[in-house]
Amino acid sequence: MLKMRNLHDFDLPNDGEISLCEINGRVHSMNHDYTNVSAFTTTVDNHPKVHITRDLLHPLSSGDEGKALFLPVNISFLKQLTQVYCEQGFIEALHTASSHNQLLISSSASIILDVLKYIRKVRLVLNPNLKYSGPVIIKDFSQTRNWQSFTIRCIAWHLYETKVAVVTCDDSVRIFSGDSSIITPLLRCKQQKHITSIAWRPLSNTEIAVGHENGIIIWNVDANSLVTRPSVSNALMLSRDDHRPVMSIAWSPKGDKLVSAAACDNTILVWDVELDKTSSLKRPAGSGNVLVKWSPSGEKLFSCSDGLVFRVWDCRNWECERWTVLSGRVQSACWSNCGNTLLFASNTEPIIYGVMIKNDLVFKNDSDSSSNQALPLFETSKIEIDGVIVGGLVQCLESDPKGKHLAVLFQDTNLVAVFNIIRHPTLQLIASSLVIGMAEEQPSTISFLQQFEAGACLTIGWSSGRIQYYPIIYTDLSCNLNYTEQLDSRLYSSSRITPF
C-alpha cells in the first residue's frame, strides 16, 4: 500500500511572485507589483475586470433612519397596533398589545406570547439549531470562507455567456459582462437578506436564483434592458416557513427543477418554480441539510446533512443511497463531469475522498448502505513550504466543467490548491499549482468558468473584493483530449489507493 500523497508535492512561486496561469502543465508567475496575465495568454482579456472596494458597497440600514425626520404624535391604540403589525409583523404586534392597558386585548396577547414561548422551547429540544440566529448558522455551514466579513460571498458564471454574478456582503448581486459598454445590473431588495448561494438557470439567458436566509428569489435579468437596478416586480419569491435558512440551491441540468437545502429543515425541497409548488425529499438523519449538488447528467443528486450522513439520490425514482463519514459532517463536495465520481471532504479531517459511483451497482435495491467505500485520495494537513503555511481543513471544493481539474479552498490558510484529476487506471489527484493573492489578501470563494474553450479557468474571489482569473491552457486541444491521463504516466501508472 502506497503512502497517501500530501501537499509536499506542490511548489510555491518564487518569493514575491504570484501564480497567474498554467500553460501545458507549466505554471507561470510574476512579481505581484507587475502582475499581468496577458503577458502569457490573451484568453481572459475580454473577461470583466472586477474589483469591488468597500466604498462601492451599500450601507446596511435598519429601515428606521427616516423616523428621525418626523415628530412623535399621539395616535389611537388600534391605529398604533395596525401600524406595528404592518411594519414589524405579528409577534411585535403582540408585544405592543401586551404592554398597553387594554385589559382584554393585553391579557390575551400575553397568553398567546406565553404559548408561543413554550412552543419554541419544545422546538429547540427537537432542533437545537433554532436557538442560533440565521447569520451564525450560515457562517458555520457556508462554502464561503469568513462569510460574514469578506467582501465577496459567492461567484456564479453564466452557462452560455462571459457573464458573472457576484454576491457581496451588502446582500447585493452584481452582474458583470465582458462587454464594458453593457451596464452592470444590481439585484437588491429588502427581502434578500443574508445571501448564501446563487445559480443561473440552465437553458435560460436571463434567470438567476438567489438563495438567502428566508427563501429563494428568482430574478429575471434582461440583457437588453437599460435599467441598472431591476425592480422586485421582475423577481419571483419562493419561501416556506420552516425551510430556513436556505444554505444551498441547485438547478437540474434541464432547468425544470430547483432543489434547496435548509440548515434547520431536514427536508430537501424540489421546486416547480413557475407554479410555486414543492415536493419533499425526507430521510431521518440530522436536523437539517447544508449542501445539494446535481450531477451533470441530471440522473443523481448529492445532499448532505449537518451530521454524519450524506446521500446520493437516483432522480429517476428518488430512491437514495445512504453514506456516512467517520466524524463531523461533509464540508464540501463536487461531481466529476461524467457524473460517476464524487469528491468530498469533511470538516474534521484534512483529507479529500473520492467515491466511484457505478450505474450498474448503485440503486439496485433498497439497502441502507452501499458495499462501496470512499477512497482517501489526498492529505491536506498543514505544512510549511519555504516559510509559507499551506493546507488544513477544506472549506470548498470545485471541479471544472471538463472534469480535469479540482480547486481547493482551505479554512484558514491563504493559498488555493489546484489539482489534476485522473480517473484511469485509478482515481487520483495530482498536485498542479498553488495560487496566492496579493499582500494581506485571503481567498473567500472559488468557481470555474462554464465555457472556456482553451481549457479551464478558475475564478477566485479575494477578501479585498478583487476577482482573479487563473486560466489553465492546453495549446493543442486536438492532441490533449486525454490530458490528465497523460500527465507523468510513467510516474503514476503503477500507483494504487486502497479503500479504508
# chains A, B, ... in the order shown; residues from 1 in each chain; ligands from 1
call {"tool": "residues_around", "arguments": {"residues": "segment 397-413 of chain A", "least_positions_apart": "3", "cutoff": "6 Å", "atoms": "only C-alpha atoms", "output": "PDB file with all heavy atoms, in the first residue's frame"}}
result
ATOM      1  N   SER A 332     -17.723  19.944   2.005  1.00  0.00           N
ATOM      2  CA  SER A 332     -17.890  20.337   0.611  1.00  0.00           C
ATOM      3  C   SER A 332     -17.769  19.107  -0.278  1.00  0.00           C
ATOM      4  O   SER A 332     -17.150  18.104   0.111  1.00  0.00           O
ATOM      5  CB  SER A 332     -16.844  21.387   0.218  1.00  0.00           C
ATOM      6  OG  SER A 332     -17.087  21.885  -1.080  1.00  0.00           O
ATOM      7  N   ALA A 333     -18.352  19.197  -1.476  1.00  0.00           N
ATOM      8  CA  ALA A 333     -18.311  18.077  -2.421  1.00  0.00           C
ATOM      9  C   ALA A 333     -18.518  18.602  -3.827  1.00  0.00           C
ATOM     10  O   ALA A 333     -19.055  19.698  -4.033  1.00  0.00           O
ATOM     11  CB  ALA A 333     -19.383  17.043  -2.076  1.00  0.00           C
ATOM     12  N   CYS A 334     -18.093  17.817  -4.819  1.00  0.00           N
ATOM     13  CA  CYS A 334     -18.318  18.177  -6.221  1.00  0.00           C
ATOM     14  C   CYS A 334     -18.335  16.912  -7.067  1.00  0.00           C
ATOM     15  O   CYS A 334     -17.691  15.911  -6.739  1.00  0.00           O
ATOM     16  CB  CYS A 334     -17.265  19.160  -6.722  1.00  0.00           C
ATOM     17  SG  CYS A 334     -15.567  18.553  -6.659  1.00  0.00           S
ATOM     18  N   SER A 336     -17.756  14.840 -10.766  1.00  0.00           N
ATOM     19  CA  SER A 336     -16.980  14.859 -11.993  1.00  0.00           C
ATOM     20  C   SER A 336     -17.909  15.154 -13.155  1.00  0.00           C
ATOM     21  O   SER A 336     -19.135  15.094 -13.026  1.00  0.00           O
ATOM     22  CB  SER A 336     -16.280  13.510 -12.206  1.00  0.00           C
ATOM     23  OG  SER A 336     -17.262  12.495 -12.436  1.00  0.00           O
ATOM     24  N   ASN A 337     -17.332  15.464 -14.323  1.00  0.00           N
ATOM     25  CA  ASN A 337     -18.174  15.808 -15.474  1.00  0.00           C
ATOM     26  C   ASN A 337     -18.979  14.625 -15.975  1.00  0.00           C
ATOM     27  O   ASN A 337     -20.040  14.800 -16.577  1.00  0.00           O
ATOM     28  CB  ASN A 337     -17.308  16.375 -16.600  1.00  0.00           C
ATOM     29  CG  ASN A 337     -16.314  15.351 -17.128  1.00  0.00           C
ATOM     30  OD1 ASN A 337     -15.775  14.538 -16.372  1.00  0.00           O
ATOM     31  ND2 ASN A 337     -16.057  15.384 -18.420  1.00  0.00           N
ATOM     32  N   VAL A 390       0.622  26.103   4.323  1.00  0.00           N
ATOM     33  CA  VAL A 390      -0.289  25.681   3.263  1.00  0.00           C
ATOM     34  C   VAL A 390      -1.175  24.565   3.806  1.00  0.00           C
ATOM     35  O   VAL A 390      -0.729  23.735   4.595  1.00  0.00           O
ATOM     36  CB  VAL A 390       0.485  25.178   2.027  1.00  0.00           C
ATOM     37  CG1 VAL A 390      -0.474  24.742   0.933  1.00  0.00           C
ATOM     38  CG2 VAL A 390       1.436  26.244   1.519  1.00  0.00           C
ATOM     39  N   LEU A 393      -7.872  22.070   6.996  1.00  0.00           N
ATOM     40  CA  LEU A 393      -9.221  21.595   6.695  1.00  0.00           C
ATOM     41  C   LEU A 393      -9.771  22.306   5.459  1.00  0.00           C
ATOM     42  O   LEU A 393      -9.503  23.483   5.231  1.00  0.00           O
ATOM     43  CB  LEU A 393     -10.138  21.841   7.889  1.00  0.00           C
ATOM     44  CG  LEU A 393      -9.813  21.052   9.171  1.00  0.00           C
ATOM     45  CD1 LEU A 393     -10.740  21.485  10.300  1.00  0.00           C
ATOM     46  CD2 LEU A 393      -9.925  19.552   8.930  1.00  0.00           C
ATOM     47  N   VAL A 394     -10.552  21.574   4.680  1.00  0.00           N
ATOM     48  CA  VAL A 394     -11.082  22.095   3.419  1.00  0.00           C
ATOM     49  C   VAL A 394     -12.317  22.946   3.683  1.00  0.00           C
ATOM     50  O   VAL A 394     -13.187  22.580   4.483  1.00  0.00           O
ATOM     51  CB  VAL A 394     -11.424  20.938   2.466  1.00  0.00           C
ATOM     52  CG1 VAL A 394     -12.194  21.433   1.248  1.00  0.00           C
ATOM     53  CG2 VAL A 394     -10.143  20.218   2.042  1.00  0.00           C
ATOM     54  N   VAL A 416      -4.851  28.842  -2.642  1.00  0.00           N
ATOM     55  CA  VAL A 416      -5.793  27.926  -3.295  1.00  0.00           C
ATOM     56  C   VAL A 416      -4.996  26.859  -4.020  1.00  0.00           C
ATOM     57  O   VAL A 416      -4.087  27.180  -4.800  1.00  0.00           O
ATOM     58  CB  VAL A 416      -6.712  28.674  -4.272  1.00  0.00           C
ATOM     59  CG1 VAL A 416      -7.626  27.696  -5.007  1.00  0.00           C
ATOM     60  CG2 VAL A 416      -7.534  29.727  -3.541  1.00  0.00           C
ATOM     61  N   ALA A 417      -5.300  25.595  -3.746  1.00  0.00           N
ATOM     62  CA  ALA A 417      -4.582  24.487  -4.376  1.00  0.00           C
ATOM     63  C   ALA A 417      -5.350  24.001  -5.599  1.00  0.00           C
ATOM     64  O   ALA A 417      -6.572  23.846  -5.552  1.00  0.00           O
ATOM     65  CB  ALA A 417      -4.400  23.349  -3.384  1.00  0.00           C
ATOM     66  N   VAL A 418      -4.619  23.751  -6.692  1.00  0.00           N
ATOM     67  CA  VAL A 418      -5.215  23.246  -7.930  1.00  0.00           C
ATOM     68  C   VAL A 418      -4.620  21.868  -8.213  1.00  0.00           C
ATOM     69  O   VAL A 418      -3.391  21.705  -8.217  1.00  0.00           O
ATOM     70  CB  VAL A 418      -4.961  24.197  -9.110  1.00  0.00           C
ATOM     71  CG1 VAL A 418      -5.609  23.651 -10.385  1.00  0.00           C
ATOM     72  CG2 VAL A 418      -5.504  25.597  -8.807  1.00  0.00           C
ATOM     73  N   PHE A 419      -5.501  20.890  -8.447  1.00  0.00           N
ATOM     74  CA  PHE A 419      -5.088  19.513  -8.723  1.00  0.00           C
ATOM     75  C   PHE A 419      -5.513  19.114 -10.128  1.00  0.00           C
ATOM     76  O   PHE A 419      -6.489  19.644 -10.682  1.00  0.00           O
ATOM     77  CB  PHE A 419      -5.749  18.540  -7.737  1.00  0.00           C
ATOM     78  CG  PHE A 419      -5.379  18.739  -6.299  1.00  0.00           C
ATOM     79  CD1 PHE A 419      -6.048  19.671  -5.515  1.00  0.00           C
ATOM     80  CD2 PHE A 419      -4.374  17.987  -5.713  1.00  0.00           C
ATOM     81  CE1 PHE A 419      -5.730  19.850  -4.185  1.00  0.00           C
ATOM     82  CE2 PHE A 419      -4.041  18.154  -4.381  1.00  0.00           C
ATOM     83  CZ  PHE A 419      -4.719  19.092  -3.612  1.00  0.00           C
ATOM     84  N   ASN A 420      -4.791  18.148 -10.692  1.00  0.00           N
ATOM     85  CA  ASN A 420      -5.242  17.438 -11.885  1.00  0.00           C
ATOM     86  C   ASN A 420      -5.978  16.186 -11.430  1.00  0.00           C
ATOM     87  O   ASN A 420      -5.522  15.485 -10.513  1.00  0.00           O
ATOM     88  CB  ASN A 420      -4.068  17.039 -12.777  1.00  0.00           C
ATOM     89  CG  ASN A 420      -3.339  18.248 -13.337  1.00  0.00           C
ATOM     90  OD1 ASN A 420      -3.950  19.148 -13.893  1.00  0.00           O
ATOM     91  ND2 ASN A 420      -2.029  18.278 -13.163  1.00  0.00           N
ATOM     92  N   ILE A 421      -7.122  15.901 -12.052  1.00  0.00           N
ATOM     93  CA  ILE A 421      -7.913  14.717 -11.723  1.00  0.00           C
ATOM     94  C   ILE A 421      -7.632  13.639 -12.757  1.00  0.00           C
ATOM     95  O   ILE A 421      -7.768  13.863 -13.963  1.00  0.00           O
ATOM     96  CB  ILE A 421      -9.412  15.034 -11.706  1.00  0.00           C
ATOM     97  CG1 ILE A 421      -9.723  16.143 -10.690  1.00  0.00           C
ATOM     98  CG2 ILE A 421     -10.226  13.784 -11.371  1.00  0.00           C
ATOM     99  CD1 ILE A 421     -11.171  16.603 -10.724  1.00  0.00           C
ATOM    100  N   PHE A 448     -15.387  27.857 -11.250  1.00  0.00           N
ATOM    101  CA  PHE A 448     -14.819  27.672 -12.588  1.00  0.00           C
ATOM    102  C   PHE A 448     -15.746  28.290 -13.633  1.00  0.00           C
ATOM    103  O   PHE A 448     -16.976  28.194 -13.525  1.00  0.00           O
ATOM    104  CB  PHE A 448     -14.616  26.192 -12.901  1.00  0.00           C
ATOM    105  CG  PHE A 448     -13.321  25.621 -12.386  1.00  0.00           C
ATOM    106  CD1 PHE A 448     -13.275  24.935 -11.190  1.00  0.00           C
ATOM    107  CD2 PHE A 448     -12.141  25.785 -13.099  1.00  0.00           C
ATOM    108  CE1 PHE A 448     -12.087  24.398 -10.706  1.00  0.00           C
ATOM    109  CE2 PHE A 448     -10.944  25.266 -12.639  1.00  0.00           C
ATOM    110  CZ  PHE A 448     -10.913  24.565 -11.438  1.00  0.00           C
TER     111      PHE A 448
END
call {"tool": "select_by_dssp", "arguments": {"residues": "segment 39-241 of chain A", "states": "helix (DSSP H, G or I)", "output": "VMD selection string"}}
result
chain A and resid 39 54 to 56 65 to 69 77 to 88 90 to 98 103 to 126 128 to 131 134 to 141 232 to 234
call {"tool": "residues_around", "arguments": {"residues": "Leu343 of chain A", "least_positions_apart": "4", "cutoff": "7 Å", "atoms": "only C-alpha atoms", "output": "PyMOL selection string"}}
result
chain A and resi 333-335+352-355
call {"tool": "closest_residue", "arguments": {"among": "A:Cys264, A:Trp462, A:Thr41, A:Ser142", "to": "Val330 of chain A", "atoms": "only C-alpha atoms"}}
result
A:Ser142
call {"tool": "residues_around", "arguments": {"residues": "segment 20-32 of chain A", "least_positions_apart": "2", "cutoff": "9 Å", "atoms": "only C-alpha atoms", "output": "list in words"}}
result
Pro13, Asn14, Asp15, Gly16, Glu17, Ile18, Tyr34, Thr35, Asn36, Val37, Phe40, Thr41, Ser432, Ser433, Val435, Gly437, Met438, Ala439, Cys457, Gln468, Tyr469, Tyr470, Pro471, Ile472, Ile473, Tyr474, Thr475, Asp476 and Leu487 of chain A
call {"tool": "closest_residue", "arguments": {"among": "A:Ala97, A:Met356, A:Ala235, A:Ile460", "to": "Thr445 of chain A", "atoms": "only C-alpha atoms"}}
result
A:Ile460
call {"tool": "residues_around", "arguments": {"residues": "Thr196 of chain A", "least_positions_apart": "2", "cutoff": "7 Å", "atoms": "only C-alpha atoms", "output": "PyMOL selection string"}}
result
chain A and resi 194+211-212+247-248
